[in-house]
Amino acid sequence: MRKGITAIVIIVCVVAGFAAGWLFSPFLAGVTRVSLVDQIKARGYIIVGTSSDWPPFEIYNTTTEELEGFDIDISELVAAELNVTIQWKDMDFDLLVGACTGGTIDMIAAAIMVTPKRAEVLAHSVPYIRVNELIIVRGDSSLTITKLEDLAALPDKSVGCQAGTTQEEELTDANVDYASYVSALLMLADLDAGGIDVAFIDEPVLGQYSAYGFKSIFIVPAEPTALWCKWEEPELMATINKALLEAFKDGTMDTLIAKWF
Amino acid sequence: MVETPDLPSIFFYILVNGLPTTLLLTALGLLGGFVLGLSLAIMRVYGGIELGWIASAYEKVLRGIPLLILISIFVFGIPGIFWFIDPLMRPFFGVILALGLRSGAYQSQLFRGAILSVDPGQMMAARALGMNQFQAFRHIVLPQALRLAIPSWSNEYAVVIKDSSYAYGFGIIEMLKVAFRVSANYPLLWAPTMVVVAIIYFIFTFPITKMFGERQTKKLKKLGMGGD
């Protein structure tokens with residue numbers, strides 16, 4: 001009897017193995033390449049990844065129940081160029097790059113700044129806006145700094161930044177021991193609660209979280225931001241760039257900048 | 001950003017927008033874990049050395065991997081694994097697969113214990129009445145074992161519903177993500193929002209573990225089933 005069960009289970013496993021092999025074979029054998037643009041047009045939507053705690057670039061408005069922001073409008077331009085709708089994937093910022101290389105999302109629109117390191121992994125569009133980064137502290141703090149390296153003198157883990165951002169790279173380069181957060185929301189809540197004394201953030205974002213009463217003590221000029229997709233999909237990148245450049249040319253971009261900043 | 005909502009409206013907002021996804025993740029994860037766990041338990045009890053070894057190796061490996069890593073593997077690591085599903089739904093199924101595989105490893109232990117706690121004399125009696133081993137297992141042992149497993153299974157439910165909150169980072173809009181979205185809109189309500197979402201998880205965990213856990217244990221004791 002025991003042998004019988006063993007035999008049955010082994011047969012089931014073998015059959016399941018063949019079934020799995022059959023299911024995955026198109027994926028393993030490397031089917032003829034269909035460009036992502038064609039796939040997107042065929043399915044009628046583009047999947048765009050974002051991280052919705054970075055107003056005015058992107059935030060999920062719980063009153064209107066819609067994502068809104070500068071990046072959201074920019075992505076709509078790209079979708080209009082492709083003549084498809086957008087399906088949003090709202091995830092952690094530091095997971096966006098992995099999600100895009102893995103193919104879970106087609107494009108990233110999350111105010112990601114262009115850096116050589118990132119450009120090794122993913123392709124970036126023409127930059128569409130440049131904002132400064134700010135070192136911010138609680139309203140009652142008396143801390144002042146004259147350069148980023150000054151932060152290294154603070155106690156360990158008293159500087160916060162968002163994981164995977166350029167701010168994180170800059171703090172690493174400046175030899176500052178920092179705490180990194182998966183979302184800006186957590187970081188600002190911690191700054192308010194006193195868990196950290198200093199946070200590093202994009203300039204427009206501070207304005208949106210003005211309820212906290214934080215103040216800026218130092219400005220760091222930063223790289224411009226761009227939309228990102230895979231290097232393997234030059235057709236998609238060409239479409240993105242076309243949409244962006246057209247928006248620059250016909251004034252849409254200026255209207256959007258005036259609207260959000 | 002202007003009007004500040006009161007806590008009950010945050011409560012219902014999270015409930016309406018996040019709870020269905022959370023419960024769906026939990027239900028499908030538990031279901032996957034149930035099928036897998038029961039098969040593994042049967043392999044361990046009746047499968048002989050070889051199958052038992054496979055099952056226990058699976059349990060040991062899966063119990064040693066953090067769920068977050070499993071989710072990362074199935075959502076981003078092997079993106080082609082769900083190539084036949086609509087690309088939008090792939091992260092969702094990746095999370096369910098991770099929850100199911102992990103829960104299966106735990107549920108296997110739980111069902112193995114339940115099967116073993118049915119008196120072996122019953123199996124012998126059934127065999128003496130002329131049933132074969134499969135019939136005896138299907139009609140005598142399994143119904144009792146499943147009933148015995150209910151209290152500990154309700155505990156597994158409590159684990160899975162809480163672990164489903166890991167999905168928030170992977171683009172799945174479940175309760176925790178909805179709570180984060182609310183607090184992004186109203187930064188000053190950060191702490192209250194977190195308390196509200198904690199209360200919701202508690203509401204959906206405690207009564208069920210109470211009903212299926214403690215009360216069932218008492219009932220089973222009355223019936224004289226389970227360890228005394």
# chains A, B, ... in the order shown; residues from 1 in each chain; ligands from 1
call {"tool": "interface_residues", "arguments": {"of": "chain A", "to": "chain B", "cutoff": "6 Å", "atoms": "only C-alpha atoms", "output": "count of residues only"}}
result
8
call {"tool": "residues_around", "arguments": {"residues": "Leu96 of chain A", "least_positions_apart": "2", "cutoff": "9 Å", "atoms": "only C-alpha atoms", "output": "ChimeraX atom specification"}}
result
/A:49-51,91-94,98-101,105,108,110 /B:170
call {"tool": "write_last_selection", "arguments": {"atoms": "N, CA and C atoms", "output": "PDB file, in the first residue's frame"}}
result
ATOM      1  N   GLY A  49       4.906  52.574 -13.081  1.00  0.00           N
ATOM      2  CA  GLY A  49       5.187  52.454 -11.658  1.00  0.00           C
ATOM      3  C   GLY A  49       5.419  53.823 -11.050  1.00  0.00           C
ATOM      4  N   THR A  50       4.935  54.007  -9.823  1.00  0.00           N
ATOM      5  CA  THR A  50       5.182  55.254  -9.119  1.00  0.00           C
ATOM      6  C   THR A  50       5.193  54.962  -7.627  1.00  0.00           C
ATOM      7  N   SER A  51       5.501  55.986  -6.841  1.00  0.00           N
ATOM      8  CA  SER A  51       5.522  55.831  -5.396  1.00  0.00           C
ATOM      9  C   SER A  51       4.817  57.049  -4.818  1.00  0.00           C
ATOM     10  N   MET A  91       4.005  51.582  -5.722  1.00  0.00           N
ATOM     11  CA  MET A  91       4.816  50.723  -4.852  1.00  0.00           C
ATOM     12  C   MET A  91       5.905  51.496  -4.125  1.00  0.00           C
ATOM     13  N   ASP A  92       6.731  50.780  -3.355  1.00  0.00           N
ATOM     14  CA  ASP A  92       7.840  51.427  -2.658  1.00  0.00           C
ATOM     15  C   ASP A  92       8.841  51.961  -3.666  1.00  0.00           C
ATOM     16  N   PHE A  93       9.420  53.128  -3.333  1.00  0.00           N
ATOM     17  CA  PHE A  93      10.329  53.779  -4.274  1.00  0.00           C
ATOM     18  C   PHE A  93      11.525  52.899  -4.623  1.00  0.00           C
ATOM     19  N   ASP A  94      12.112  52.273  -3.626  1.00  0.00           N
ATOM     20  CA  ASP A  94      13.343  51.532  -3.902  1.00  0.00           C
ATOM     21  C   ASP A  94      13.082  50.216  -4.637  1.00  0.00           C
ATOM     22  N   GLY A  98      13.861  47.686  -9.646  1.00  0.00           N
ATOM     23  CA  GLY A  98      13.792  46.228  -9.778  1.00  0.00           C
ATOM     24  C   GLY A  98      12.549  45.797 -10.522  1.00  0.00           C
ATOM     25  N   ALA A  99      11.433  46.461 -10.246  1.00  0.00           N
ATOM     26  CA  ALA A  99      10.181  46.111 -10.904  1.00  0.00           C
ATOM     27  C   ALA A  99      10.264  46.384 -12.395  1.00  0.00           C
ATOM     28  N   CYS A 100      10.970  47.456 -12.767  1.00  0.00           N
ATOM     29  CA  CYS A 100      11.061  47.804 -14.186  1.00  0.00           C
ATOM     30  C   CYS A 100      12.014  46.857 -14.917  1.00  0.00           C
ATOM     31  N   THR A 101      13.168  46.559 -14.308  1.00  0.00           N
ATOM     32  CA  THR A 101      14.076  45.610 -14.962  1.00  0.00           C
ATOM     33  C   THR A 101      13.438  44.235 -15.027  1.00  0.00           C
ATOM     34  N   ILE A 105       6.610  46.388 -14.429  1.00  0.00           N
ATOM     35  CA  ILE A 105       6.068  47.648 -14.923  1.00  0.00           C
ATOM     36  C   ILE A 105       6.803  48.036 -16.203  1.00  0.00           C
ATOM     37  N   ILE A 108       8.736  53.947 -15.436  1.00  0.00           N
ATOM     38  CA  ILE A 108       8.699  54.540 -14.095  1.00  0.00           C
ATOM     39  C   ILE A 108       8.493  56.041 -14.222  1.00  0.00           C
ATOM     40  N   ALA A 110       8.432  58.596 -11.323  1.00  0.00           N
ATOM     41  CA  ALA A 110       8.456  58.844  -9.883  1.00  0.00           C
ATOM     42  C   ALA A 110       9.512  59.867  -9.520  1.00  0.00           C
TER      43      ALA A 110
ATOM     44  N   PHE B 170       4.565  46.229  -2.970  1.00  0.00           N
ATOM     45  CA  PHE B 170       4.705  45.659  -4.304  1.00  0.00           C
ATOM     46  C   PHE B 170       3.589  46.092  -5.246  1.00  0.00           C
TER      47      PHE B 170
END
call {"tool": "atom_distance", "arguments": {"atom1": "atom CA of Ile47 of chain A", "atom2": "atom CA of Ile74 of chain A"}}
result
14.0 Å
call {"tool": "select_by_dssp", "arguments": {"residues": "segment 7-225 of chain A", "states": "strand (DSSP E)", "output": "ChimeraX atom specification"}}
result
/A:45-50,53-54,58-61,66-68,85-90,107-113,123-124,133-137,159-162,178-181,198-202,215-220,225
call {"tool": "write_last_selection", "arguments": {"atoms": "C-alpha atoms", "output": "PDB file, in the first residue's frame"}}
result
ATOM      1  CA  TYR A  45      -2.674  49.967 -21.473  1.00  0.00           C
ATOM      2  CA  ILE A  46       0.785  50.870 -20.236  1.00  0.00           C
ATOM      3  CA  ILE A  47       1.804  49.890 -16.716  1.00  0.00           C
ATOM      4  CA  VAL A  48       3.505  52.802 -15.016  1.00  0.00           C
ATOM      5  CA  GLY A  49       5.187  52.454 -11.658  1.00  0.00           C
ATOM      6  CA  THR A  50       5.182  55.254  -9.119  1.00  0.00           C
ATOM      7  CA  ASP A  53       4.083  59.889  -1.279  1.00  0.00           C
ATOM      8  CA  TRP A  54       6.065  62.520  -3.145  1.00  0.00           C
ATOM      9  CA  GLU A  58       2.729  62.125  -7.274  1.00  0.00           C
ATOM     10  CA  ILE A  59       0.227  61.605  -4.505  1.00  0.00           C
ATOM     11  CA  TYR A  60      -2.919  59.554  -4.177  1.00  0.00           C
ATOM     12  CA  ASN A  61      -5.706  61.977  -3.397  1.00  0.00           C
ATOM     13  CA  GLU A  66      -7.172  59.343  -7.944  1.00  0.00           C
ATOM     14  CA  LEU A  67      -3.451  59.607  -8.344  1.00  0.00           C
ATOM     15  CA  GLU A  68      -2.466  63.137  -9.173  1.00  0.00           C
ATOM     16  CA  THR A  85      -4.669  54.108 -21.036  1.00  0.00           C
ATOM     17  CA  ILE A  86      -2.476  53.945 -17.931  1.00  0.00           C
ATOM     18  CA  GLN A  87      -2.612  51.281 -15.258  1.00  0.00           C
ATOM     19  CA  TRP A  88      -0.750  52.490 -12.184  1.00  0.00           C
ATOM     20  CA  LYS A  89       1.387  50.370  -9.910  1.00  0.00           C
ATOM     21  CA  ASP A  90       1.871  52.270  -6.692  1.00  0.00           C
ATOM     22  CA  MET A 107       7.805  52.662 -17.282  1.00  0.00           C
ATOM     23  CA  ILE A 108       8.699  54.540 -14.095  1.00  0.00           C
ATOM     24  CA  ALA A 109       7.346  58.000 -13.398  1.00  0.00           C
ATOM     25  CA  ALA A 110       8.456  58.844  -9.883  1.00  0.00           C
ATOM     26  CA  ALA A 111      10.623  61.971 -10.069  1.00  0.00           C
ATOM     27  CA  ILE A 112      13.720  59.823 -10.485  1.00  0.00           C
ATOM     28  CA  MET A 113      16.837  61.894 -11.035  1.00  0.00           C
ATOM     29  CA  ALA A 123      17.332  53.939 -19.853  1.00  0.00           C
ATOM     30  CA  HIS A 124      16.150  57.470 -19.124  1.00  0.00           C
ATOM     31  CA  GLU A 133      17.138  69.053  -2.764  1.00  0.00           C
ATOM     32  CA  LEU A 134      16.824  70.388   0.749  1.00  0.00           C
ATOM     33  CA  ILE A 135      18.235  69.502   4.108  1.00  0.00           C
ATOM     34  CA  ILE A 136      15.322  70.026   6.482  1.00  0.00           C
ATOM     35  CA  VAL A 137      14.985  70.070  10.260  1.00  0.00           C
ATOM     36  CA  VAL A 159      19.967  61.916   9.234  1.00  0.00           C
ATOM     37  CA  GLY A 160      17.138  60.401   7.211  1.00  0.00           C
ATOM     38  CA  CYS A 161      16.645  59.826   3.506  1.00  0.00           C
ATOM     39  CA  GLN A 162      14.479  57.714   1.273  1.00  0.00           C
ATOM     40  CA  TYR A 178      22.062  57.843   7.676  1.00  0.00           C
ATOM     41  CA  ALA A 179      18.813  56.014   8.275  1.00  0.00           C
ATOM     42  CA  SER A 180      16.949  55.119   5.084  1.00  0.00           C
ATOM     43  CA  TYR A 181      13.188  54.817   4.773  1.00  0.00           C
ATOM     44  CA  VAL A 198      17.605  65.954   9.812  1.00  0.00           C
ATOM     45  CA  ALA A 199      15.921  64.789   6.601  1.00  0.00           C
ATOM     46  CA  PHE A 200      16.967  65.078   2.987  1.00  0.00           C
ATOM     47  CA  ILE A 201      14.172  65.731   0.499  1.00  0.00           C
ATOM     48  CA  ASP A 202      13.218  67.359  -2.834  1.00  0.00           C
ATOM     49  CA  LYS A 215      12.333  74.391   7.859  1.00  0.00           C
ATOM     50  CA  SER A 216      15.075  74.123   5.289  1.00  0.00           C
ATOM     51  CA  ILE A 217      18.651  74.809   6.346  1.00  0.00           C
ATOM     52  CA  PHE A 218      20.692  73.877   3.272  1.00  0.00           C
ATOM     53  CA  ILE A 219      20.109  73.596  -0.468  1.00  0.00           C
ATOM     54  CA  VAL A 220      21.786  70.954  -2.608  1.00  0.00           C
ATOM     55  CA  THR A 225      14.454  64.072 -13.305  1.00  0.00           C
TER      56      THR A 225
END
call {"tool": "select_by_dssp", "arguments": {"residues": "segment 42-245 of chain A", "states": "alpha helix (DSSP H)", "output": "PyMOL selection string"}}
result
chain A and resi 42-43+70-82+96-102+116-121+166-173+184-193+203-208+234-245
call {"tool": "atom_distance", "arguments": {"atom1": "atom CA of Val118 of chain B", "atom2": "atom CA of Val160 of chain B"}}
result
26.5 Å
call {"tool": "residues_around", "arguments": {"residues": "Leu256 of chain A", "least_positions_apart": "6", "cutoff": "12 Å", "atoms": "only C-alpha atoms", "output": "PDB file with C-alpha atoms, in the first residue's frame"}}
result
ATOM      1  CA  PRO A  56       3.523  67.468  -5.959  1.00  0.00           C
ATOM      2  CA  PHE A  57       5.135  64.874  -8.248  1.00  0.00           C
ATOM      3  CA  GLU A  68      -2.466  63.137  -9.173  1.00  0.00           C
ATOM      4  CA  GLY A  69       0.667  65.163  -9.651  1.00  0.00           C
ATOM      5  CA  PHE A  70       3.220  66.404 -12.131  1.00  0.00           C
ATOM      6  CA  ASP A  71       4.577  62.960 -13.053  1.00  0.00           C
ATOM      7  CA  ILE A  72       1.041  61.652 -13.397  1.00  0.00           C
ATOM      8  CA  ASP A  73       0.199  64.356 -15.969  1.00  0.00           C
ATOM      9  CA  ILE A  74       3.497  63.760 -17.798  1.00  0.00           C
ATOM     10  CA  SER A  75       2.707  60.044 -18.016  1.00  0.00           C
ATOM     11  CA  GLU A  76      -0.718  60.866 -19.417  1.00  0.00           C
ATOM     12  CA  LEU A  77       1.076  62.677 -22.254  1.00  0.00           C
ATOM     13  CA  TYR A 128      11.801  67.217 -17.904  1.00  0.00           C
ATOM     14  CA  ILE A 129      12.394  69.224 -14.733  1.00  0.00           C
ATOM     15  CA  LEU A 244       8.006  64.919 -23.824  1.00  0.00           C
ATOM     16  CA  ALA A 247       5.057  68.920 -24.738  1.00  0.00           C
ATOM     17  CA  PHE A 248       8.074  71.204 -24.399  1.00  0.00           C
ATOM     18  CA  ASP A 250       3.774  73.337 -27.661  1.00  0.00           C
TER      19      ASP A 250
END
call {"tool": "residues_around", "arguments": {"residues": "Ile73 of chain B", "least_positions_apart": "6", "cutoff": "10 Å", "atoms": "only C-alpha atoms", "output": "VMD selection string"}}
result
chain B and resid 67 79 94 to 95 98
call {"tool": "write_last_selection", "arguments": {"atoms": "C-alpha atoms", "output": "compact mmCIF listing (two decimals), in the first residue's frame"}}
result
# COMPACT_ATOMS: atom_id res chain seq x y z
CA LEU B 67 8.11 35.95 3.56
CA PRO B 79 8.86 37.87 -13.67
CA GLY B 94 3.17 36.42 -6.95
CA VAL B 95 2.16 37.46 -3.44
CA ALA B 98 4.49 33.29 -1.73
call {"tool": "residues_around", "arguments": {"residues": "Glu59 of chain B", "least_positions_apart": "6", "cutoff": "12 Å", "atoms": "only C-alpha atoms", "output": "PyMOL selection string"}}
result
chain B and resi 33+36-37+40-41+43-44+52-53+65+101-110+112
call {"tool": "atom_distance", "arguments": {"atom1": "atom CA of Gly224 of chain B", "atom2": "atom CA of Asp119 of chain B"}}
result
11.4 Å
call {"tool": "residues_around", "arguments": {"residues": "Arg138 of chain A", "least_positions_apart": "6", "cutoff": "7 Å", "atoms": "only C-alpha atoms", "output": "compact mmCIF listing (two decimals) with C-alpha atoms, in the first residue's frame"}}
result
# COMPACT_ATOMS: atom_id res chain seq x y z
CA ASP A 192 8.35 64.94 13.36
CA GLY A 213 6.30 73.08 10.05
CA PHE A 214 9.74 71.87 9.04
CA LYS A 215 12.33 74.39 7.86
call {"tool": "decode", "arguments": {"residues": "segment 21-146 of chain A", "atoms": "C-alpha atoms", "output": "short mmCIF file (atom, residue, chain, number, x, y, z; two decimals), in the first residue's frame"}}
result
data_model
loop_
_atom_site.label_atom_id
_atom_site.label_comp_id
_atom_site.auth_asym_id
_atom_site.auth_seq_id
_atom_site.Cartn_x
_atom_site.Cartn_y
_atom_site.Cartn_z
CA GLY A 21 7.66 22.55 -18.44
CA TRP A 22 4.97 22.88 -21.07
CA LEU A 23 3.61 26.02 -19.45
CA PHE A 24 6.99 27.68 -19.08
CA SER A 25 8.51 26.58 -22.38
CA PRO A 26 7.60 29.76 -24.28
CA PHE A 27 9.21 31.75 -21.50
CA LEU A 28 12.36 29.63 -21.43
CA ALA A 29 12.86 29.15 -25.16
CA GLY A 30 13.08 32.88 -25.90
CA VAL A 31 10.16 33.51 -28.21
CA THR A 32 10.56 35.93 -31.09
CA ARG A 33 10.82 39.40 -29.67
CA VAL A 34 7.71 41.53 -29.72
CA SER A 35 8.64 45.09 -28.83
CA LEU A 36 7.13 46.42 -25.63
CA VAL A 37 5.42 49.22 -27.56
CA ASP A 38 3.55 46.63 -29.65
CA GLN A 39 2.67 44.66 -26.52
CA ILE A 40 1.40 47.82 -24.83
CA LYS A 41 -0.68 48.78 -27.87
CA ALA A 42 -2.05 45.25 -28.15
CA ARG A 43 -3.21 45.12 -24.54
CA GLY A 44 -4.40 48.73 -24.61
CA TYR A 45 -2.67 49.97 -21.47
CA ILE A 46 0.79 50.87 -20.24
CA ILE A 47 1.80 49.89 -16.72
CA VAL A 48 3.51 52.80 -15.02
CA GLY A 49 5.19 52.45 -11.66
CA THR A 50 5.18 55.25 -9.12
CA SER A 51 5.52 55.83 -5.40
CA SER A 52 2.67 57.98 -4.23
CA ASP A 53 4.08 59.89 -1.28
CA TRP A 54 6.06 62.52 -3.14
CA PRO A 55 3.73 65.46 -3.76
CA PRO A 56 3.52 67.47 -5.96
CA PHE A 57 5.13 64.87 -8.25
CA GLU A 58 2.73 62.13 -7.27
CA ILE A 59 0.23 61.60 -4.50
CA TYR A 60 -2.92 59.55 -4.18
CA ASN A 61 -5.71 61.98 -3.40
CA THR A 62 -8.01 60.16 -0.99
CA THR A 63 -10.84 62.62 -1.61
CA THR A 64 -11.03 62.27 -5.37
CA GLU A 65 -9.63 58.71 -5.13
CA GLU A 66 -7.17 59.34 -7.94
CA LEU A 67 -3.45 59.61 -8.34
CA GLU A 68 -2.47 63.14 -9.17
CA GLY A 69 0.67 65.16 -9.65
CA PHE A 70 3.22 66.40 -12.13
CA ASP A 71 4.58 62.96 -13.05
CA ILE A 72 1.04 61.65 -13.40
CA ASP A 73 0.20 64.36 -15.97
CA ILE A 74 3.50 63.76 -17.80
CA SER A 75 2.71 60.04 -18.02
CA GLU A 76 -0.72 60.87 -19.42
CA LEU A 77 1.08 62.68 -22.25
CA VAL A 78 3.08 59.52 -23.01
CA ALA A 79 -0.08 57.40 -22.87
CA ALA A 80 -1.80 59.79 -25.24
CA GLU A 81 1.13 59.47 -27.65
CA LEU A 82 0.77 55.67 -27.50
CA ASN A 83 -3.01 55.98 -27.65
CA VAL A 84 -3.47 53.70 -24.62
CA THR A 85 -4.67 54.11 -21.04
CA ILE A 86 -2.48 53.95 -17.93
CA GLN A 87 -2.61 51.28 -15.26
CA TRP A 88 -0.75 52.49 -12.18
CA LYS A 89 1.39 50.37 -9.91
CA ASP A 90 1.87 52.27 -6.69
CA MET A 91 4.82 50.72 -4.85
CA ASP A 92 7.84 51.43 -2.66
CA PHE A 93 10.33 53.78 -4.27
CA ASP A 94 13.34 51.53 -3.90
CA LEU A 95 11.50 48.62 -5.55
CA LEU A 96 10.65 50.58 -8.71
CA VAL A 97 13.94 49.97 -10.50
CA GLY A 98 13.79 46.23 -9.78
CA ALA A 99 10.18 46.11 -10.90
CA CYS A 100 11.06 47.80 -14.19
CA THR A 101 14.08 45.61 -14.96
CA GLY A 102 12.01 42.57 -14.01
CA GLY A 103 9.23 43.62 -16.36
CA THR A 104 6.48 44.06 -13.76
CA ILE A 105 6.07 47.65 -14.92
CA ASP A 106 6.74 49.19 -18.34
CA MET A 107 7.81 52.66 -17.28
CA ILE A 108 8.70 54.54 -14.09
CA ALA A 109 7.35 58.00 -13.40
CA ALA A 110 8.46 58.84 -9.88
CA ALA A 111 10.62 61.97 -10.07
CA ILE A 112 13.72 59.82 -10.49
CA MET A 113 16.84 61.89 -11.03
CA VAL A 114 19.27 60.99 -13.77
CA THR A 115 22.53 59.60 -12.39
CA PRO A 116 25.21 57.60 -14.20
CA LYS A 117 24.69 54.69 -11.80
CA ARG A 118 20.99 54.40 -12.60
CA ALA A 119 21.60 54.86 -16.31
CA GLU A 120 23.68 51.68 -16.23
CA VAL A 121 20.59 49.72 -15.24
CA LEU A 122 17.73 51.53 -16.94
CA ALA A 123 17.33 53.94 -19.85
CA HIS A 124 16.15 57.47 -19.12
CA SER A 125 14.17 59.90 -21.25
CA VAL A 126 15.02 63.52 -21.86
CA PRO A 127 14.96 65.22 -18.44
CA TYR A 128 11.80 67.22 -17.90
CA ILE A 129 12.39 69.22 -14.73
CA ARG A 130 15.13 70.04 -12.27
CA VAL A 131 14.45 70.74 -8.62
CA ASN A 132 16.76 71.37 -5.69
CA GLU A 133 17.14 69.05 -2.76
CA LEU A 134 16.82 70.39 0.75
CA ILE A 135 18.23 69.50 4.11
CA ILE A 136 15.32 70.03 6.48
CA VAL A 137 14.98 70.07 10.26
CA ARG A 138 12.16 70.52 12.74
CA GLY A 139 10.98 74.13 13.14
CA ASP A 140 12.55 74.53 16.58
CA SER A 141 15.96 73.14 15.64
CA SER A 142 19.02 75.43 15.75
CA LEU A 143 21.21 73.23 13.55
CA THR A 144 23.09 74.96 10.72
CA ILE A 145 25.45 73.49 8.15
CA THR A 146 27.55 74.96 5.38
#
